[in-house]
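Worksheet: the structure to be examined is printed underneath.
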Amino acid sequence: MKSATLTLKDVDIVRGSRTLVSGLNLTLSGPKLLWVEGGNGIGKTSLLRTCAGLSRPAAGRITWSVQETTLSAPETVTFLPADSYAKSGLEAGEDAAFWGADLETVDMLIHAKTPSEKLSTGQAKRLSFAKMLATQKPIWILDEPLAGLDKSGRDMVAHHLRAHVLSGGLALVASHAPISVRDVPTQRLVLT
Amino acid sequence: MSALVKIITRDFVRAARSAGSWAYGLVFMAIFLSLSAIALDGDMTVLRQMGVPLIWLAVTFAALMSVDHAFSEDLRDGTTGQLWLSGVSYLSQSTSGILSFALIQLCPLVLTAPLWSLLFDLSGPTVWGLIIALLCALPGLAAFTALAGALTGPRGKGGFLAIFISAPMLVPILIFGMAASDAFLMRGIAAVEFRALFGLSLLALAVSIPATAAALAANTDR
């Protein structure tokens, strides 16, 4: 995988009247895993959404580049939200197919015919993860990827994260649970 | 398969499995027109005169009632942002959303107009004029109501707010639509009112597609 870089320059993130992040400077290049920590409501999700290009920073600049060529967020980033975006009215297999995802990558093939709205929290998280895997982008941004998953689900996430980072990818992970992926260079960012 | 076709196909599949979404407007229209006919005391002379305007009003109100089905769910669950990240521009999402809304929510209202015209004892040519005028107005109705849906955003249930936003924009369509329906009896499809109505409808599309895209982008940034 081509080496990707995410650069934040003097980034401020404001929600309502609260400044969540002020003057953040960060340059991250793959292969690397950044574990974003912090209490509830401290601004982890807002930071991740901003890094994914889904929200604009109040000040500062974010750039995404691959091999020193600056690209747009949709060309480089994939985002796993904390909440599921499984579509009611579709079966899990149909929902996955819409995004070009393969349920086998997340051990969900037996649930292909299950209506998306009837999936458990963990199954819905696996479905979201399959959609994310299908994008094959060099920068992964994951918001609470372990929440709701059983042991095999957590192992599956760790396995894919390890493979992604070791192939040169960059991953930003916000999680209350410790992120420990074998042999992967991990950096911590604690929001206070 | 292009993203546009994929999104519309997905919306059709979901609508087919959840009749509640598209039948809502139809049920509203049936109740509104039945109550109107009862309120007019069943007087056939009055009913014949009032039939076309009442059906136009019913279609417009039913479209406004369906605003929550345009974009709000995709905005609420984050699908809009995910589609953008997967390379589907907000402009494409806006176009596919308006098309889906027109085909799933509005087409049933127009196609059942002949059925409702029985309530008002409308003549054949009057019904034809009404249907052709409604079809000409369909892109404009879809464009403005979908724009209202995108503006009210992930909150959904923006019923009254959506009505306040889109009602002023729908007034010209209603005026030209009524005029075209009447003009059909005199000059048929060649009546200038049809060209004016269709032109207005296309103008509404041209304005609403980028405006809806901007509203989707603004509502994703939260």
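In the structure tokens, chains take the letters A, B, ... in the order shown, each chain's residues start at 1, and ligands count up from 1 in the order shown.
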
Assign secondary structure with DSSP using the backbone only, and return the residues of range 24-192 of chain A in helix (DSSP H, G or I) as a ChimeraX atom specification. /A:44-51,73-76,92-98,103-106,109-111,116-118,121-135,151-166

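Here is the contact set of chain B against chain A, at 7 Å and counting only C-alpha atoms: Arg14, Arg17, Ser18, Asp77, Gly78, Thr79, Gly81, Trp84, Leu85, Ser86, Gly87, Thr220, Asp221 and Arg222 of chain B.
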
As a PyMOL selection string, please: the residues near range 22-30 of chain A (cut-off 9 Å, only C-alpha atoms, same-chain neighbours under 6 positions excluded). chain A and resi 2-14+59-60+138-139+165-171

If you keep C-alpha atoms, can you produce a file of those selected residues as a tab-separated table (two decimals), in the first residue's frame?
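Below is the file that was written, selection.tsv:
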```tsv
chain	number	residue	atom	x	y	z
A	2	LYS	CA	1.22	3.51	-0.83
A	3	SER	CA	2.28	5.54	2.21
A	4	ALA	CA	-0.35	8.08	3.27
A	5	THR	CA	0.10	11.17	5.41
A	6	LEU	CA	-2.45	13.08	7.43
A	7	THR	CA	-1.44	16.57	8.50
A	8	LEU	CA	-3.27	18.84	10.95
A	9	LYS	CA	-1.98	22.40	11.18
A	10	ASP	CA	-3.18	24.71	13.99
A	11	VAL	CA	-6.55	22.96	14.05
A	12	ASP	CA	-9.33	24.26	16.30
A	13	ILE	CA	-12.52	22.25	16.72
A	14	VAL	CA	-15.51	24.03	18.19
A	59	ALA	CA	-9.60	27.16	12.28
A	60	GLY	CA	-6.52	25.56	10.80
A	138	PRO	CA	-4.82	4.13	2.92
A	139	ILE	CA	-6.15	6.10	5.94
A	165	VAL	CA	-0.81	-0.90	9.25
A	166	LEU	CA	1.86	-3.46	8.42
A	167	SER	CA	1.12	-2.98	4.73
A	168	GLY	CA	1.96	0.72	5.16
A	169	GLY	CA	-1.46	2.09	6.08
A	170	LEU	CA	-2.33	4.70	8.66
A	171	ALA	CA	-5.05	4.15	11.28
```

Item checked: Spatial neighbours of Ala146 in chain B, max dist 10 Å, only C-alpha atoms, sep filter under 5 positions, as a ChimeraX atom specification -> /B:63-64,66-72,94-95,97-102,140-141,151-152,162,166,208-209,212

Could you pull out all residues of chain A with a DSSP call of strand (DSSP E or B) and give them as a VMD selection string? chain A and resid 4 to 15 18 to 29 32 to 37 59 to 66 69 to 71 77 to 80 91 115 139 to 143 170 to 174 186 to 190

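Look at Ile173 in chain B: the protein and nucleic acid residues within 10 Å of it, using only C-alpha atoms and passing over chain neighbours fewer than 5 places away, are Thr60, Ala133, Leu134, Cys136, Ala137, Leu138, Gly140, Leu141, Pro168, Met178, Ala179, Ala196, Leu197, Phe198, Leu200, Ser201 and Ala204 of chain B.
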
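Among the candidate residues B:Met65, B:Ile104, B:Val59, B:Ser36, the one lying nearest to Ile8 in chain B is B:Ile104, with distances computed using only C-alpha atoms.
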
- Could you name the residues that touch Leu115 in chain B at 12 Å or less, counting only C-alpha atoms, but leaving out those on the same chain fewer than 5 positions away, as a PyMOL selection string? chain B and resi 26+29-30+33-34+51+55+108-110+120-122+124+127+131

Can you pull out every residue within 8 Å of Glu37 in chain A, counting only C-alpha atoms, but drop anything in the same chain fewer than 5 positions away, and send it as a list of chain:residue names? A:Lys44, A:Ala174, A:Ser175, A:His176, A:Arg188, A:Leu189, A:Val190, A:Leu191

note - CA of Gly199 in chain B and CA of Ile132 in chain B are separated by 14.1 Å

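In this model, the gap between CA of Pro185 in chain A and CA of Pro31 in chain A comes to 7.4 Å.
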
Min atom-atom distance to Asp107 in chain A from the set A:Gln123, A:Thr186, A:Ser128, A:Thr63, counting only C-alpha atoms, belongs to A:Gln123
